[in-house]
Amino acid sequence: MLTDIIATNLDVIFCGINPGLKSADDGHHFSGRSNRFWKVLHQSGFTPYEVQAVNDTSILDFGYGLTTAVARATSRADELSKEEFDESLEAFKVKMTKFQPRYVAFLGKAAYKAFSKKKEILWGHQSEDFCGAKVWVLPNTSGLNRGFSLDDLVASYREFYVAIQE
């Protein structure tokens, strides 16, 4: 089981699609060896050093939180059904309304597409809010996402980091 790392009024809640099997098994977000989340977060400016997955709760110290769109762990996010996203939407809305982050950053387009019911989504800032939070869609850092190099990921996350400093 992977629990949310969350508090009220955070600057950003990073929302993964769902937990990977290793993360769910060891109880730490983005703990798979091939996942680049913690490295990208550091290299893009969000954290002053690379947080280790076992210390994932320390992300709260920087004003950020972690959650997933769907709680069920899988080896690949494409194993999730449309119904699983639909069934998760209401609980996710309740969570965002309760914790009121400034931004929700969806990691990958899948969850935001399912939650917004939009057919097409561009990367980056979205025009509409989600439960009062501004929305940003970032590439997923999963090692399975080979469409984005480490440099591409860092550039995308840095753009987001710079935007939220305003």
# chains A, B, ... in the order shown; residues from 1 in each chain; ligands from 1
>>> residues_around(residues="A:Leu60", least_positions_apart="6", cutoff="12 Å", atoms="only C-alpha atoms", output="ChimeraX atom specification")
/A:4-14,46-47,51,66
>>> write_last_selection(atoms="C-alpha atoms", output="CSV table (one decimal), in the first residue's frame")
chain,number,residue,atom,x,y,z
A,4,ASP,CA,-0.3,9.9,0.3
A,5,ILE,CA,2.3,12.4,1.5
A,6,ILE,CA,0.1,15.4,1.9
A,7,ALA,CA,-0.7,18.5,4.0
A,8,THR,CA,-2.9,21.5,3.6
A,9,ASN,CA,-2.0,24.5,1.4
A,10,LEU,CA,1.0,23.0,-0.3
A,11,ASP,CA,2.6,24.7,-3.3
A,12,VAL,CA,2.3,21.6,-5.4
A,13,ILE,CA,0.8,18.1,-5.1
A,14,PHE,CA,2.5,15.8,-7.6
A,46,PHE,CA,12.4,21.8,-6.7
A,47,THR,CA,14.8,20.3,-4.1
A,51,VAL,CA,15.8,13.0,-2.0
A,66,LEU,CA,2.6,13.2,-3.4
>>> select_by_dssp(residues="stretch 33-145 of chain A", states="helix (DSSP H, G or I)", output="VMD selection string")
chain A and resid 37 to 43 53 to 62 77 to 79 82 to 99 109 to 116
>>> closest_residue(among="A:Ser142, A:Ala155, A:Ile59, A:Lys117", to="A:Ser31", atoms="only C-alpha atoms")
A:Ser142
>>> residues_around(residues="A:Leu21", least_positions_apart="6", cutoff="7 Å", atoms="only C-alpha atoms", output="JSON, numbers by chain")
{"A": [73, 74, 75]}
>>> residues_around(residues="stretch 132-141 of chain A", least_positions_apart="6", cutoff="6 Å", atoms="only C-alpha atoms", output="short mmCIF file (atom, residue, chain, number, x, y, z; two decimals) with C-alpha atoms, in the first residue's frame")
data_model
loop_
_atom_site.label_atom_id
_atom_site.label_comp_id
_atom_site.auth_asym_id
_atom_site.auth_seq_id
_atom_site.Cartn_x
_atom_site.Cartn_y
_atom_site.Cartn_z
CA ASN A 35 12.04 5.91 -12.06
CA ARG A 36 13.66 9.31 -12.52
CA PHE A 37 11.30 11.40 -10.34
CA PRO A 101 -2.81 22.89 -2.99
CA ARG A 102 -1.84 25.86 -5.17
CA TYR A 103 -1.03 23.46 -8.02
CA VAL A 104 -1.82 19.88 -8.94
CA ALA A 105 0.89 18.52 -11.22
CA PHE A 106 -0.30 15.45 -13.08
CA LEU A 107 2.61 13.21 -14.08
CA GLY A 108 1.63 12.05 -17.53
CA TRP A 123 1.86 19.52 -21.84
CA GLY A 124 2.26 22.29 -19.29
CA HIS A 125 -0.19 24.72 -17.74
CA GLN A 126 -3.88 23.96 -18.25
#
>>> residues_around(residues="A:Asp151", least_positions_apart="5", cutoff="10 Å", atoms="only C-alpha atoms", output="ChimeraX atom specification")
/A:40,43-44,156-157
>>> atom_distance(atom1="atom CA of A:Phe30", atom2="atom CA of A:Ala53")
6.3 Å
>>> residues_around(residues="A:Ala91", least_positions_apart="5", cutoff="12 Å", atoms="only C-alpha atoms", output="PDB file with C-alpha atoms, in the first residue's frame")
ATOM      1  CA  THR A  67      -0.490  11.288  -4.347  1.00  0.00           C
ATOM      2  CA  THR A  68      -1.746   9.018  -7.078  1.00  0.00           C
ATOM      3  CA  ALA A  69      -4.839   9.240  -9.268  1.00  0.00           C
ATOM      4  CA  VAL A  70      -5.626   5.541  -8.827  1.00  0.00           C
ATOM      5  CA  ALA A  71      -4.577   3.599  -5.724  1.00  0.00           C
ATOM      6  CA  GLU A  84     -10.799   2.638 -12.362  1.00  0.00           C
ATOM      7  CA  PHE A  85     -10.095   6.294 -13.193  1.00  0.00           C
ATOM      8  CA  ASP A  86     -13.829   7.067 -13.110  1.00  0.00           C
ATOM      9  CA  MET A  96      -7.907  18.232  -3.471  1.00  0.00           C
ATOM     10  CA  THR A  97     -10.775  20.240  -2.000  1.00  0.00           C
ATOM     11  CA  LYS A  98      -9.726  19.286   1.530  1.00  0.00           C
ATOM     12  CA  PHE A 115     -10.367  13.250 -14.782  1.00  0.00           C
ATOM     13  CA  CYS A 131     -10.994  21.925  -7.329  1.00  0.00           C
TER      14      CYS A 131
END
>>> atom_distance(atom1="atom CA of A:Ala77", atom2="atom CA of A:Ala24")
13.3 Å
>>> atom_distance(atom1="atom CA of A:Val94", atom2="atom CA of A:Ala163")
26.0 Å
>>> select_by_dssp(residues="stretch 25-141 of chain A", states="strand (DSSP E or B)", output="list in words")
Tyr64, Gly65, Leu66, Thr67, Thr68, Thr74, Tyr103, Val104, Ala105, Phe106, Leu107, Gly124, His125, Phe130, Ala133, Lys134, Val135, Trp136, Val137 and Leu138 of chain A
